[in-house]
Structure formats: structure tokens, C-alpha cells
file run32.pdb (PDB, C-alpha atoms)
ATOM      1  CA  MET A  12      93.506 104.457  91.306
ATOM      2  CA  THR A  13      95.711 101.846  92.984
ATOM      3  CA  LYS A  14      95.820  98.102  93.458
ATOM      4  CA  ILE A  15      96.198  96.974  97.082
ATOM      5  CA  SER A  16      96.280  93.776  99.103
ATOM      6  CA  ILE A  17      95.060  93.299 102.668
ATOM      7  CA  GLY A  18      96.588  90.614 104.898
ATOM      8  CA  THR A  19      94.166  89.097 107.405
ATOM      9  CA  ASN A  20      94.300  85.577 108.841
ATOM     10  CA  ILE A  21      93.098  82.057 108.071
ATOM     11  CA  VAL A  22      89.982  81.657 105.925
ATOM     12  CA  GLY A  23      86.930  81.842 108.179
ATOM     13  CA  SER A  24      88.652  83.902 110.880
ATOM     14  CA  THR A  25      87.163  87.156 112.115
ATOM     15  CA  PHE A  26      90.008  89.154 110.533
ATOM     16  CA  PHE A  27      89.432  87.427 107.180
ATOM     17  CA  GLU A  28      85.742  88.311 107.356
ATOM     18  CA  GLN A  29      86.478  91.904 108.344
ATOM     19  CA  GLY A  30      89.006  92.338 105.547
ATOM     20  CA  ASN A  31      86.490  91.122 102.982
ATOM     21  CA  VAL A  32      83.779  93.459 104.253
ATOM     22  CA  ILE A  33      86.181  96.415 104.037
ATOM     23  CA  ALA A  34      87.228  95.377 100.513
ATOM     24  CA  ASP A  35      83.644  94.911  99.305
ATOM     25  CA  THR A  36      82.634  98.284 100.723
ATOM     26  CA  PHE A  37      85.580 100.057  99.131
ATOM     27  CA  LYS A  38      84.866  98.389  95.780
ATOM     28  CA  THR A  39      81.275  99.633  95.904
ATOM     29  CA  HIS A  40      82.562 103.184  96.207
ATOM     30  CA  GLY A  41      85.304 102.703  93.604
ATOM     31  CA  VAL A  42      88.112 103.599  95.995
ATOM     32  CA  PHE A  43      90.760 101.304  94.494
ATOM     33  CA  GLU A  44      91.141  99.639  91.136
ATOM     34  CA  GLN A  45      91.685  96.204  92.678
ATOM     35  CA  ILE A  46      91.599  94.948  96.263
ATOM     36  CA  HIS A  47      92.873  91.493  97.157
ATOM     37  CA  VAL A  48      92.103  90.013 100.580
ATOM     38  CA  LEU A  49      94.706  87.419 101.558
ATOM     39  CA  ASN A  50      94.632  84.864 104.355
ATOM     40  CA  THR A  51      98.212  85.849 105.182
ATOM     41  CA  ASP A  52      98.788  86.593 108.867
ATOM     42  CA  VAL A  53     101.175  89.563 109.136
ATOM     43  CA  THR A  54     101.955  88.631 112.741
ATOM     44  CA  ARG A  55     103.700  85.441 111.632
ATOM     45  CA  GLN A  56     107.343  85.592 110.529
ATOM     46  CA  GLU A  57     106.595  84.795 106.892
ATOM     47  CA  GLY A  58     103.603  87.131 106.767
ATOM     48  CA  ALA A  59     105.428  90.054 108.366
ATOM     49  CA  GLY A  60     108.032  89.942 105.606
ATOM     50  CA  ARG A  61     105.297  90.366 103.012
ATOM     51  CA  LEU A  62     104.014  93.637 104.519
ATOM     52  CA  ILE A  63     105.744  95.767 101.891
ATOM     53  CA  PRO A  64     104.670  97.928  98.934
ATOM     54  CA  GLY A  65     103.538  95.794  96.017
ATOM     55  CA  ASP A  66     102.874  92.683  98.089
ATOM     56  CA  ILE A  67     100.668  93.380 101.109
ATOM     57  CA  GLU A  68     100.012  97.059 101.773
ATOM     58  CA  PHE A  69      97.711  96.713 104.783
ATOM     59  CA  GLY A  70      97.508  94.177 107.583
ATOM     60  CA  LEU A  71      94.884  93.462 110.239
ATOM     61  CA  CYS A  72      96.131  92.406 113.657
ATOM     62  CA  ALA A  73      95.835  92.786 117.421
ATOM     63  CA  SER A  74      97.667  95.844 118.724
ATOM     64  CA  ASN A  75      99.895  93.871 121.095
ATOM     65  CA  TRP A  76     101.812  92.528 118.076
ATOM     66  CA  VAL A  77     102.765  95.979 116.767
ATOM     67  CA  PRO A  78     105.580  96.773 119.259
ATOM     68  CA  ARG A  79     106.947  93.244 118.799
ATOM     69  CA  LEU A  80     107.100  93.745 115.043
ATOM     70  CA  THR A  81     108.964  97.045 115.308
ATOM     71  CA  GLU A  82     111.375  95.792 117.986
ATOM     72  CA  GLY A  83     111.988  92.386 116.418
ATOM     73  CA  ALA A  84     110.937  90.788 119.696
ATOM     74  CA  PRO A  85     110.062  87.051 119.832
ATOM     75  CA  PRO A  86     108.661  85.345 117.865
ATOM     76  CA  PHE A  87     110.205  87.638 115.236
ATOM     77  CA  SER A  88     113.863  87.234 114.321
ATOM     78  CA  ARG A  89     114.224  90.799 113.035
ATOM     79  CA  SER A  90     112.440  94.156 113.195
ATOM     80  CA  TYR A  91     109.924  95.477 110.668
ATOM     81  CA  ASP A  92     109.338  99.127 109.798
ATOM     82  CA  VAL A  93     105.584  99.260 110.364
ATOM     83  CA  ARG A  94     103.294 102.233 110.844
ATOM     84  CA  MET A  95      99.772 102.611 112.186
ATOM     85  CA  VAL A  96      96.858 103.121 109.809
ATOM     86  CA  ALA A  97      93.614 102.935 111.795
ATOM     87  CA  PRO A  98      91.776 101.316 114.689
ATOM     88  CA  LEU A  99      89.750  98.286 113.641
ATOM     89  CA  ASN A 100      87.667  97.325 116.666
ATOM     90  CA  VAL A 101      87.883  96.245 120.281
ATOM     91  CA  GLY A 102      87.374  92.505 120.527
ATOM     92  CA  ALA A 103      86.726  90.653 123.774
ATOM     93  CA  PRO A 104      88.299  87.177 124.022
ATOM     94  CA  PHE A 105      86.835  84.979 126.741
ATOM     95  CA  PHE A 106      86.953  81.559 128.364
ATOM     96  CA  VAL A 107      84.159  79.160 127.548
ATOM     97  CA  VAL A 108      83.305  75.873 129.292
ATOM     98  CA  ARG A 109      80.583  73.272 129.126
ATOM     99  CA  GLU A 110      77.477  74.326 131.028
ATOM    100  CA  ASP A 111      77.910  71.423 133.480
ATOM    101  CA  SER A 112      81.559  72.325 134.206
ATOM    102  CA  GLU A 113      82.675  73.088 137.762
ATOM    103  CA  ILE A 114      84.832  75.932 136.405
ATOM    104  CA  ASN A 115      83.148  79.238 137.244
ATOM    105  CA  THR A 116      85.830  81.902 137.730
ATOM    106  CA  PHE A 117      89.300  82.527 136.332
ATOM    107  CA  ASN A 118      91.234  80.846 139.163
ATOM    108  CA  ASP A 119      89.291  77.645 138.526
ATOM    109  CA  ILE A 120      91.195  77.138 135.257
ATOM    110  CA  PHE A 121      94.505  76.506 137.073
ATOM    111  CA  GLY A 122      95.724  72.997 136.387
ATOM    112  CA  LYS A 123      93.046  72.485 133.766
ATOM    113  CA  ARG A 124      93.472  71.654 130.070
ATOM    114  CA  VAL A 125      93.019  74.980 128.294
ATOM    115  CA  ALA A 126      92.800  75.165 124.489
ATOM    116  CA  VAL A 127      94.847  78.329 123.921
ATOM    117  CA  GLY A 128      95.210  78.274 120.122
ATOM    118  CA  PRO A 129      98.403  77.701 118.088
ATOM    119  CA  ARG A 130     101.678  77.748 120.046
ATOM    120  CA  ASP A 131     102.917  80.956 118.359
ATOM    121  CA  GLY A 132      99.488  82.501 117.838
ATOM    122  CA  GLY A 133      98.080  85.750 119.165
ATOM    123  CA  MET A 134      95.613  84.152 121.560
ATOM    124  CA  THR A 135      98.418  82.248 123.273
ATOM    125  CA  GLN A 136     100.289  85.527 123.745
ATOM    126  CA  HIS A 137      97.184  87.099 125.308
ATOM    127  CA  MET A 138      96.879  84.141 127.686
ATOM    128  CA  LYS A 139     100.466  84.643 128.826
ATOM    129  CA  LEU A 140      99.938  88.397 129.317
ATOM    130  CA  ILE A 141      96.818  87.862 131.420
ATOM    131  CA  LEU A 142      98.459  85.280 133.660
ATOM    132  CA  GLN A 143     101.517  87.493 134.131
ATOM    133  CA  ALA A 144      99.351  90.520 134.926
ATOM    134  CA  LEU A 145      97.704  88.559 137.743
ATOM    135  CA  GLY A 146     100.989  87.263 139.146
ATOM    136  CA  TYR A 147     100.746  83.770 137.699
ATOM    137  CA  SER A 148     102.608  81.950 134.941
ATOM    138  CA  PHE A 149     101.847  79.742 131.970
ATOM    139  CA  ASP A 150     102.878  76.771 134.137
ATOM    140  CA  ASP A 151      99.706  77.272 136.174
ATOM    141  CA  ILE A 152      97.581  75.858 133.347
ATOM    142  CA  ASP A 153      97.865  72.812 131.107
ATOM    143  CA  PRO A 154      97.954  74.462 127.651
ATOM    144  CA  VAL A 155      96.600  72.594 124.655
ATOM    145  CA  TYR A 156      97.969  74.055 121.411
ATOM    146  CA  VAL A 157      95.303  73.595 118.736
ATOM    147  CA  GLU A 158      93.566  75.615 116.059
ATOM    148  CA  PHE A 159      90.197  76.847 117.244
ATOM    149  CA  ASP A 160      88.120  74.341 115.292
ATOM    150  CA  LYS A 161      90.083  71.558 117.025
ATOM    151  CA  GLY A 162      89.551  73.303 120.350
ATOM    152  CA  THR A 163      85.843  73.124 119.699
ATOM    153  CA  GLU A 164      86.028  69.381 119.165
ATOM    154  CA  GLY A 165      88.061  69.036 122.350
ATOM    155  CA  LEU A 166      85.402  70.844 124.339
ATOM    156  CA  LEU A 167      82.724  68.607 122.853
ATOM    157  CA  THR A 168      84.616  65.360 123.538
ATOM    158  CA  GLY A 169      85.941  66.422 126.942
ATOM    159  CA  ASP A 170      89.584  66.377 125.810
ATOM    160  CA  VAL A 171      89.891  69.994 126.954
ATOM    161  CA  ASP A 172      88.289  71.605 129.992
ATOM    162  CA  VAL A 173      88.342  75.232 128.869
ATOM    163  CA  MET A 174      88.475  76.951 125.494
ATOM    164  CA  TRP A 175      90.148  80.359 125.189
ATOM    165  CA  GLN A 176      87.808  81.810 122.601
ATOM    166  CA  VAL A 177      88.223  84.573 120.027
ATOM    167  CA  PRO A 178      85.772  87.504 120.123
ATOM    168  CA  VAL A 179      82.177  86.961 119.059
ATOM    169  CA  PRO A 180      80.420  86.892 116.748
ATOM    170  CA  ASN A 181      82.444  84.190 115.001
ATOM    171  CA  HIS A 182      81.572  80.996 113.133
ATOM    172  CA  ILE A 183      83.402  78.794 115.653
ATOM    173  CA  MET A 184      81.253  79.932 118.556
ATOM    174  CA  THR A 185      78.138  79.647 116.424
ATOM    175  CA  GLY A 186      79.076  76.033 115.703
ATOM    176  CA  ILE A 187      79.627  75.276 119.401
ATOM    177  CA  GLU A 188      76.249  76.723 120.370
ATOM    178  CA  LYS A 189      74.477  74.410 117.930
ATOM    179  CA  ARG A 190      76.006  71.308 119.518
ATOM    180  CA  LEU A 191      76.619  72.124 123.165
ATOM    181  CA  SER A 192      75.313  74.249 126.035
ATOM    182  CA  VAL A 193      78.134  76.446 127.318
ATOM    183  CA  ARG A 194      78.978  79.122 129.884
ATOM    184  CA  VAL A 195      81.403  82.048 129.928
ATOM    185  CA  VAL A 196      83.990  82.071 132.734
ATOM    186  CA  GLU A 197      84.016  85.276 134.803
ATOM    187  CA  TYR A 198      87.043  87.004 136.306
ATOM    188  CA  GLY A 199      87.335  87.090 140.100
ATOM    189  CA  PRO A 200      87.030  90.233 142.258
ATOM    190  CA  GLY A 201      89.555  92.875 141.184
ATOM    191  CA  GLN A 202      91.168  90.690 138.534
ATOM    192  CA  LEU A 203      89.823  92.563 135.534
ATOM    193  CA  SER A 204      91.025  95.933 136.828
ATOM    194  CA  SER A 205      94.442  94.428 137.649
ATOM    195  CA  ILE A 206      94.822  93.176 134.080
ATOM    196  CA  LEU A 207      93.765  96.513 132.587
ATOM    197  CA  GLN A 208      96.223  98.375 134.796
ATOM    198  CA  ALA A 209      99.098  96.036 133.945
ATOM    199  CA  VAL A 210      98.496  95.879 130.185
ATOM    200  CA  PRO A 211      97.820  99.365 128.695
ATOM    201  CA  LEU A 212      96.864  97.856 125.327
ATOM    202  CA  TYR A 213      93.779  96.256 126.878
ATOM    203  CA  ARG A 214      90.473  97.990 127.491
ATOM    204  CA  HIS A 215      87.345  97.293 129.482
ATOM    205  CA  ALA A 216      84.833  95.438 127.323
ATOM    206  CA  ILE A 217      81.382  93.981 127.707
ATOM    207  CA  ILE A 218      80.048  90.951 125.861
ATOM    208  CA  GLU A 219      76.329  91.548 125.536
ATOM    209  CA  LYS A 220      74.115  88.615 126.457
ATOM    210  CA  ASP A 221      72.465  88.404 123.040
ATOM    211  CA  LEU A 222      75.824  87.612 121.404
ATOM    212  CA  ILE A 223      76.145  84.184 123.034
ATOM    213  CA  LYS A 224      73.310  81.689 123.245
ATOM    214  CA  GLY A 225      72.362  80.936 126.826
ATOM    215  CA  LEU A 226      74.232  83.900 128.329
ATOM    216  CA  LYS A 227      71.907  85.179 131.032
ATOM    217  CA  SER A 228      73.466  88.627 131.453
ATOM    218  CA  ASP A 229      76.163  90.861 129.999
ATOM    219  CA  THR A 230      79.670  89.835 131.042
ATOM    220  CA  GLU A 231      82.696  92.043 131.698
ATOM    221  CA  GLN A 232      85.863  90.938 129.919
ATOM    222  CA  ILE A 233      89.138  92.373 128.669
ATOM    223  CA  GLY A 234      88.988  94.147 125.323
ATOM    224  CA  VAL A 235      91.826  93.768 122.811
ATOM    225  CA  LEU A 236      92.361  96.723 120.499
ATOM    226  CA  ASN A 237      92.674  95.447 116.939
ATOM    227  CA  VAL A 238      94.251  97.694 114.333
ATOM    228  CA  ILE A 239      95.259  98.133 110.708
ATOM    229  CA  ILE A 240      98.972  98.553 110.008
ATOM    230  CA  THR A 241     101.183  99.194 106.991
ATOM    231  CA  ASN A 242     104.832  99.482 106.017
ATOM    232  CA  ALA A 243     106.591 102.845 106.283
ATOM    233  CA  ASP A 244     107.464 102.619 102.561
ATOM    234  CA  VAL A 245     103.877 102.316 101.321
ATOM    235  CA  ALA A 246     103.036 105.444  99.307
ATOM    236  CA  THR A 247     101.524 108.316 101.280
ATOM    237  CA  GLU A 248      98.752 108.715  98.708
ATOM    238  CA  THR A 249      97.779 105.041  98.957
ATOM    239  CA  VAL A 250      97.439 105.197 102.738
ATOM    240  CA  PHE A 251      95.648 108.549 102.492
ATOM    241  CA  GLN A 252      93.065 107.091 100.088
ATOM    242  CA  PHE A 253      92.559 104.034 102.283
ATOM    243  CA  VAL A 254      92.047 105.959 105.526
ATOM    244  CA  SER A 255      89.872 108.638 103.912
ATOM    245  CA  ALA A 256      87.575 105.933 102.522
ATOM    246  CA  TYR A 257      87.639 104.066 105.840
ATOM    247  CA  ILE A 258      86.522 107.139 107.796
ATOM    248  CA  LYS A 259      83.690 107.830 105.371
ATOM    249  CA  ALA A 260      82.561 104.195 105.367
ATOM    250  CA  ALA A 261      82.648 103.699 109.169
ATOM    251  CA  LYS A 262      78.901 103.839 109.677
ATOM    252  CA  GLU A 263      78.241 101.638 106.640
ATOM    253  CA  LEU A 264      80.741  99.057 107.878
ATOM    254  CA  GLY A 265      78.965  99.057 111.234
ATOM    255  CA  ASN A 266      75.680  98.245 109.526
ATOM    256  CA  LYS A 267      77.265  95.336 107.679
ATOM    257  CA  LEU A 268      79.200  93.651 110.473
ATOM    258  CA  GLU A 269      78.622  93.557 114.233
ATOM    259  CA  VAL A 270      82.307  94.021 115.138
ATOM    260  CA  PHE A 271      82.288  97.357 113.289
ATOM    261  CA  ARG A 272      79.199  98.635 115.097
ATOM    262  CA  LYS A 273      81.226 101.058 117.238
ATOM    263  CA  LEU A 274      83.852 101.870 114.591
ATOM    264  CA  LYS A 275      82.717 105.463 114.013
ATOM    265  CA  SER A 276      83.005 106.368 117.712
ATOM    266  CA  LEU A 277      86.298 104.473 117.946
ATOM    267  CA  ILE A 278      87.829 106.512 115.127
ATOM    268  CA  GLU A 279      86.536 109.710 116.711
ATOM    269  CA  GLU A 280      88.601 108.965 119.834
ATOM    270  CA  ILE A 281      91.561 110.312 117.835
ATOM    271  CA  GLU A 282      90.050 113.774 118.102
ATOM    272  CA  GLY A 283      89.186 113.563 121.786
ATOM    273  CA  ARG A 284      92.163 111.625 123.148
ATOM    274  CA  GLY A 285      94.883 112.294 120.595
ATOM    275  CA  PRO A 286      96.609 109.995 118.095
ATOM    276  CA  GLN A 287      98.674 108.254 120.783
ATOM    277  CA  VAL A 288      95.562 106.346 121.879
ATOM    278  CA  PHE A 289      96.049 104.234 118.732
ATOM    279  CA  GLU A 290      99.854 104.197 118.646
ATOM    280  CA  PRO A 291     100.751 101.038 120.639
ATOM    281  CA  GLY A 292     104.294 101.050 121.932
ATOM    282  CA  GLY A 293     104.780 104.495 120.406
ATOM    283  CA  VAL A 294     104.497 103.179 116.823
ATOM    284  CA  GLN A 295     103.278 106.261 114.976
ATOM    285  CA  PHE A 296     100.666 106.769 112.286
ATOM    286  CA  HIS A 297     101.823 106.644 108.677
ATOM    287  CA  PRO A 298     101.999 110.184 107.202
ATOM    288  CA  GLY A 299      99.220 109.271 104.787
ATOM    289  CA  ALA A 300      96.961 108.273 107.671
ATOM    290  CA  TRP A 301      97.814 111.451 109.577
ATOM    291  CA  ALA A 302      96.885 113.539 106.518
ATOM    292  CA  ALA A 303      93.545 111.743 106.184
ATOM    293  CA  TYR A 304      92.629 112.297 109.843
ATOM    294  CA  LYS A 305      93.648 115.928 109.514
ATOM    295  CA  GLN A 306      91.465 116.404 106.445
ATOM    296  CA  ALA A 307      88.559 114.792 108.323
ATOM    297  CA  GLY A 308      89.017 117.319 111.161
ATOM    298  CA  LEU A 309      90.163 114.705 113.697
ATOM    299  CA  LEU A 310      93.729 116.045 113.957
ATOM    300  CA  THR A 311      95.104 119.549 113.717
TER     301      THR A 311
END

call {"tool": "encode", "arguments": {"input": "run32.pdb", "output": "C-alpha cells"}}
result
Amino acid sequence: MTKISIGTNIVGSTFFEQGNVIADTFKTHGVFEQIHVLNTDVTRQEGAGRLIPGDIEFGLCASNWVPRLTEGAPPFSRSYDVRMVAPLNVGAPFFVVREDSEINTFNDIFGKRVAVGPRDGGMTQHMKLILQALGYSFDDIDPVYVEFDKGTEGLLTGDVDVMWQVPVPNHIMTGIEKRLSVRVVEYGPGQLSSILQAVPLYRHAIIEKDLIKGLKSDTEQIGVLNVIITNADVATETVFQFVSAYIKAAKELGNKLEVFRKLKSLIEEIEGRGPQVFEPGGVQFHPGAWAAYKQAGLLT
């Protein structure tokens, strides 16, 4: 058996929670000798450099970062030899406002103070992609660069008008709901389809009304494909063991955590749509992952 480390994100983040659930499940089945879950973000310059054998073997991230890592595109100063391991989930970020806000649809956020997350964070990148897809620019909003707990406080105090929120369920949104009545901002006519057409990495997603307190009906939003990546130099056997265990545990993971509820059907898309559906920017699966999907009958 092997010792591995999984890079996620800050303590309390959805990726950190997901990494721990995967680790706990694998430990129950004795897949690896030791599994360490780190709050290291592999989409930050310092974290990306740690995605190597013997340091961090697997990293959780949004798929839009993968091409940037391999190309050495900003904010990265050099390229990284990463490979795909598995789909993680499809998360739906959304805009949230106070219930008494006059902001109802996407265009209403123009000129408003929007808490977008850290300046070099993934949520800020998504905000830029969405604006660009609709023919607008980052100059059309008044961005407030804060961590999401600070964004929550800003929404409560009125220092921000809109919060660009990470997918639910998450502890930040749960905290907001206990202190404030909120609404989800909807996209305008045709805007969602325009975004999906312009950004192939996005998918159509629905936030079900029972996931957010006070939401009166399901809401259509963009869905961000989140994935698990590794370094090309990580041993084939290590990746094979990880993916084989991940496939077998998909249903169990779905029972443990809401974001994994559709994981089994997501993995099975490899068989129906081909591996390229989970190879953002053409970044291919690690040979160990390919072998595991082949053994599971998902690839030929």
C-alpha cells in the first residue's frame, strides 16, 4: 500500500470537506496506508509546485484551472505537467443578495459592489469569464476582493451589494441563512445559454430550492466542472489504485455528502461520451486513471 496526500483548499472550504470525505472513505476500505488531506490550493503558484510525487499526489480544483496550469498562463509563471484523474462534481456558483435588495437579474449587478473572492482566486476568474461571455468586462462591476467569510459580513453590514457565492451546500451560506434573509439573482433571457456556448467548461446546472433557505423554486445557474488532477510523474499504480477505489466508492460518497450525490452518473459519462468530456483543454487522463476506467468497463 502507498502513502498519499490530497491538496484541497482552505480549512472549511467545500474542497477541504470533499477531500476529507474521500480520505475517510478510502481509509475505511484500506485502500492506502496513509492519506493526508492538506489545505494546500494547487491552483495557487506555491501549491501548484507541490503537486509532485512524494509531496501532493492528488489535487482538487475547478476544471478551468487545468489548461492554465499546463500552459503556464497567468497567474502561473511557468507550466506544470498535470494529468487528469477523475471528475469530482458539478458545482453551481451563484449571486446572492439581501431579500430587500433591488437587484433581481444579472444586469442589475453592473456598477454594484460585488464580493468576488480573493483577487487571484478561482471565483474571481469565473466572474471574469462570465462577464466576457456576455460581452461585458470586469470594469462593469465594482469588485470587492475578500475571502468569503468577509464577503458574508459585507452583505450583512451593507458594505457589499452582491456576494458571488461558492456552490451549496457550504458552511458560509448556512451561516448567512441564520442571520439574514437572502435571494438568488437570476440570469436574464438568453444569458445562461450564451455563457454555456462561450465557455465549454461550463454546464447547465440547477440549484434545487431545498438547498437554500427561502428559495421558492429551483433556479437555473451555470455549473462548474470540478476535477481531481495529478502530476504526470506520479506512479501509474498509485493513480490506478486511487481511481479504482473512487469508482467503487462513488455511491457511498454520494450518501455521505450532497455534492457527491450524482458522482456515479458523472463518472459513467466517460463510457457514454468518451474520456474527452473530462479532459479540459485537451489535458489527458493519467495512464493509471485510464487503466482503472478500462478495468471498470468504462473505456475500451

call {"tool": "residues_around", "arguments": {"input": "run32.pdb", "residues": "Asn100 in chain A", "least_positions_apart": "3", "cutoff": "12 Å", "atoms": "all atoms listed in the file", "output": "number ranges by chain"}}
result
A: 25-26, 29, 71-74, 97, 103, 178-179, 213-214, 216, 234-239, 261, 264-265, 268-278, 289

call {"tool": "closest_residue", "arguments": {"input": "run32.pdb", "among": "A:Gly18, A:Gly186, A:Gly83, A:Gly60", "to": "His47 in chain A", "atoms": "all atoms listed in the file"}}
result
A:Gly18

call {"tool": "closest_residue", "arguments": {"input": "run32.pdb", "among": "A:Trp175, A:Phe106, A:Tyr91, A:Phe296", "to": "Glu231 in chain A", "atoms": "only C-alpha atoms"}}
result
A:Phe106

call {"tool": "resolve_selection", "arguments": {"input": "run32.pdb", "expression": "the PyMOL selection byres ((chain A and resi 230) around 9)", "output": "MDAnalysis selection string"}}
result
chainID A and resid 195 197 216:220 226 228:229 231:232

call {"tool": "atom_distance", "arguments": {"input": "run32.pdb", "atom1": "CA of Lys224 in chain A", "atom2": "CA of Ser192 in chain A"}}
result
8.2 Å

call {"tool": "atom_distance", "arguments": {"input": "run32.pdb", "atom1": "CA of Ile258 in chain A", "atom2": "CA of Leu212 in chain A"}}
result
22.4 Å

call {"tool": "atom_distance", "arguments": {"input": "run32.pdb", "atom1": "CA of Glu280 in chain A", "atom2": "CA of Tyr304 in chain A"}}
result
11.3 Å

call {"tool": "residues_around", "arguments": {"input": "run32.pdb", "residues": "Ile46 in chain A", "least_positions_apart": "4", "cutoff": "8 Å", "atoms": "only C-alpha atoms", "output": "list in words"}}
result
Lys14, Ile15, Ser16, Ile17, Ala34 and Lys38 of chain A

call {"tool": "resolve_selection", "arguments": {"input": "run32.pdb", "expression": "the PyMOL selection byres ((chain A and resi 85) around 12)", "output": "PDB file with C-alpha atoms, in the coordinates of the input"}}
result
ATOM      1  CA  THR A  54     101.955  88.631 112.741  1.00  0.00           C
ATOM      2  CA  ARG A  55     103.700  85.441 111.632  1.00  0.00           C
ATOM      3  CA  GLN A  56     107.343  85.592 110.529  1.00  0.00           C
ATOM      4  CA  TRP A  76     101.812  92.528 118.076  1.00  0.00           C
ATOM      5  CA  VAL A  77     102.765  95.979 116.767  1.00  0.00           C
ATOM      6  CA  PRO A  78     105.580  96.773 119.259  1.00  0.00           C
ATOM      7  CA  ARG A  79     106.947  93.244 118.799  1.00  0.00           C
ATOM      8  CA  LEU A  80     107.100  93.745 115.043  1.00  0.00           C
ATOM      9  CA  THR A  81     108.964  97.045 115.308  1.00  0.00           C
ATOM     10  CA  GLU A  82     111.375  95.792 117.986  1.00  0.00           C
ATOM     11  CA  GLY A  83     111.988  92.386 116.418  1.00  0.00           C
ATOM     12  CA  ALA A  84     110.937  90.788 119.696  1.00  0.00           C
ATOM     13  CA  PRO A  86     108.661  85.345 117.865  1.00  0.00           C
ATOM     14  CA  PHE A  87     110.205  87.638 115.236  1.00  0.00           C
ATOM     15  CA  SER A  88     113.863  87.234 114.321  1.00  0.00           C
ATOM     16  CA  ARG A  89     114.224  90.799 113.035  1.00  0.00           C
ATOM     17  CA  SER A  90     112.440  94.156 113.195  1.00  0.00           C
ATOM     18  CA  ASP A 131     102.917  80.956 118.359  1.00  0.00           C
ATOM     19  CA  GLY A 132      99.488  82.501 117.838  1.00  0.00           C
ATOM     20  CA  GLN A 136     100.289  85.527 123.745  1.00  0.00           C
TER      21      GLN A 136
END

call {"tool": "residues_around", "arguments": {"input": "run32.pdb", "residues": "Gly165 in chain A", "least_positions_apart": "3", "cutoff": "12 Å", "atoms": "all atoms listed in the file", "output": "PyMOL selection string"}}
result
chain A and resi 108-109+124-128+155-162+168-175+187+191

call {"tool": "residues_near_point", "arguments": {"input": "run32.pdb", "point": "(92.4, 84.8, 107.5)", "cutoff": "10 Å", "atoms": "only C-alpha atoms", "output": "PyMOL selection string"}}
result
chain A and resi 18-31+48-52+71

call {"tool": "residues_near_point", "arguments": {"input": "run32.pdb", "point": "(96.2, 92.5, 135.4)", "cutoff": "9 Å", "atoms": "all atoms listed in the file", "output": "mmCIF file with C-alpha atoms, keeping the file's coordinate frame"}}
result
data_model
loop_
_atom_site.group_PDB
_atom_site.id
_atom_site.type_symbol
_atom_site.label_atom_id
_atom_site.label_comp_id
_atom_site.auth_asym_id
_atom_site.auth_seq_id
_atom_site.Cartn_x
_atom_site.Cartn_y
_atom_site.Cartn_z
ATOM 1 C CA LEU A 140 99.938 88.397 129.317
ATOM 2 C CA ILE A 141 96.818 87.862 131.420
ATOM 3 C CA LEU A 142 98.459 85.280 133.660
ATOM 4 C CA GLN A 143 101.517 87.493 134.131
ATOM 5 C CA ALA A 144 99.351 90.520 134.926
ATOM 6 C CA LEU A 145 97.704 88.559 137.743
ATOM 7 C CA GLY A 146 100.989 87.263 139.146
ATOM 8 C CA GLY A 201 89.555 92.875 141.184
ATOM 9 C CA GLN A 202 91.168 90.690 138.534
ATOM 10 C CA LEU A 203 89.823 92.563 135.534
ATOM 11 C CA SER A 204 91.025 95.933 136.828
ATOM 12 C CA SER A 205 94.442 94.428 137.649
ATOM 13 C CA ILE A 206 94.822 93.176 134.080
ATOM 14 C CA LEU A 207 93.765 96.513 132.587
ATOM 15 C CA GLN A 208 96.223 98.375 134.796
ATOM 16 C CA ALA A 209 99.098 96.036 133.945
ATOM 17 C CA VAL A 210 98.496 95.879 130.185
#

call {"tool": "closest_residue", "arguments": {"input": "run32.pdb", "among": "A:Gln306, A:Pro180, A:Tyr257, A:Lys267", "to": "Asp221 in chain A", "atoms": "all atoms listed in the file"}}
result
A:Pro180

call {"tool": "closest_atom_pairs", "arguments": {"input": "run32.pdb", "of": "range 72-187 of chain A", "to": "range 240-253 of chain A", "cutoff": "6 Å", "atoms": "only C-alpha atoms", "output": "JSON lines"}}
result
{"residue": "A:Asp92", "atom": "CA", "partner": "A:Ala243", "partner_atom": "CA", "distance": 5.8}
{"residue": "A:Val93", "atom": "CA", "partner": "A:Asn242", "partner_atom": "CA", "distance": 4.4}
{"residue": "A:Arg94", "atom": "CA", "partner": "A:Thr241", "partner_atom": "CA", "distance": 5.3}
{"residue": "A:Met95", "atom": "CA", "partner": "A:Ile240", "partner_atom": "CA", "distance": 4.7}
{"residue": "A:Val96", "atom": "CA", "partner": "A:Ile240", "partner_atom": "CA", "distance": 5.0}

call {"tool": "axis_aligned_box", "arguments": {"input": "run32.pdb", "around": "range 249-259 of chain A", "padding_each_side": "4 Å", "output": "lines of an AutoDock Vina configuration file"}}
result
center_x = 90.7
center_y = 106.3
center_z = 103.4
size_x = 22.1
size_y = 12.6
size_z = 16.8

call {"tool": "build_atoms", "arguments": {"input": "run32.pdb", "residues": "range 202-212 of chain A", "atoms": "N, CA and C atoms", "output": "mmCIF file, keeping the file's coordinate frame"}}
result
data_model
loop_
_atom_site.group_PDB
_atom_site.id
_atom_site.type_symbol
_atom_site.label_atom_id
_atom_site.label_comp_id
_atom_site.auth_asym_id
_atom_site.auth_seq_id
_atom_site.Cartn_x
_atom_site.Cartn_y
_atom_site.Cartn_z
ATOM 1 N N GLN A 202 90.240 91.219 139.535
ATOM 2 C CA GLN A 202 91.168 90.690 138.534
ATOM 3 C C GLN A 202 91.123 91.465 137.224
ATOM 4 N N LEU A 203 89.943 91.841 136.797
ATOM 5 C CA LEU A 203 89.823 92.563 135.534
ATOM 6 C C LEU A 203 90.551 93.904 135.598
ATOM 7 N N SER A 204 90.361 94.634 136.687
ATOM 8 C CA SER A 204 91.025 95.933 136.828
ATOM 9 C C SER A 204 92.538 95.765 136.929
ATOM 10 N N SER A 205 92.999 94.688 137.548
ATOM 11 C CA SER A 205 94.442 94.428 137.649
ATOM 12 C C SER A 205 95.046 94.189 136.273
ATOM 13 N N ILE A 206 94.342 93.446 135.436
ATOM 14 C CA ILE A 206 94.822 93.176 134.080
ATOM 15 C C ILE A 206 94.881 94.469 133.275
ATOM 16 N N LEU A 207 93.826 95.271 133.356
ATOM 17 C CA LEU A 207 93.765 96.513 132.587
ATOM 18 C C LEU A 207 94.853 97.494 133.024
ATOM 19 N N GLN A 208 95.176 97.485 134.291
ATOM 20 C CA GLN A 208 96.223 98.375 134.796
ATOM 21 C C GLN A 208 97.602 97.895 134.351
ATOM 22 N N ALA A 209 97.791 96.590 134.281
ATOM 23 C CA ALA A 209 99.098 96.036 133.945
ATOM 24 C C ALA A 209 99.378 96.027 132.447
ATOM 25 N N VAL A 210 98.327 95.964 131.641
ATOM 26 C CA VAL A 210 98.496 95.879 130.185
ATOM 27 C C VAL A 210 97.756 97.051 129.532
ATOM 28 N N PRO A 211 98.458 98.156 129.245
ATOM 29 C CA PRO A 211 97.820 99.365 128.695
ATOM 30 C C PRO A 211 97.107 99.142 127.367
ATOM 31 N N LEU A 212 97.489 98.105 126.626
ATOM 32 C CA LEU A 212 96.864 97.856 125.327
ATOM 33 C C LEU A 212 95.464 97.271 125.458
#
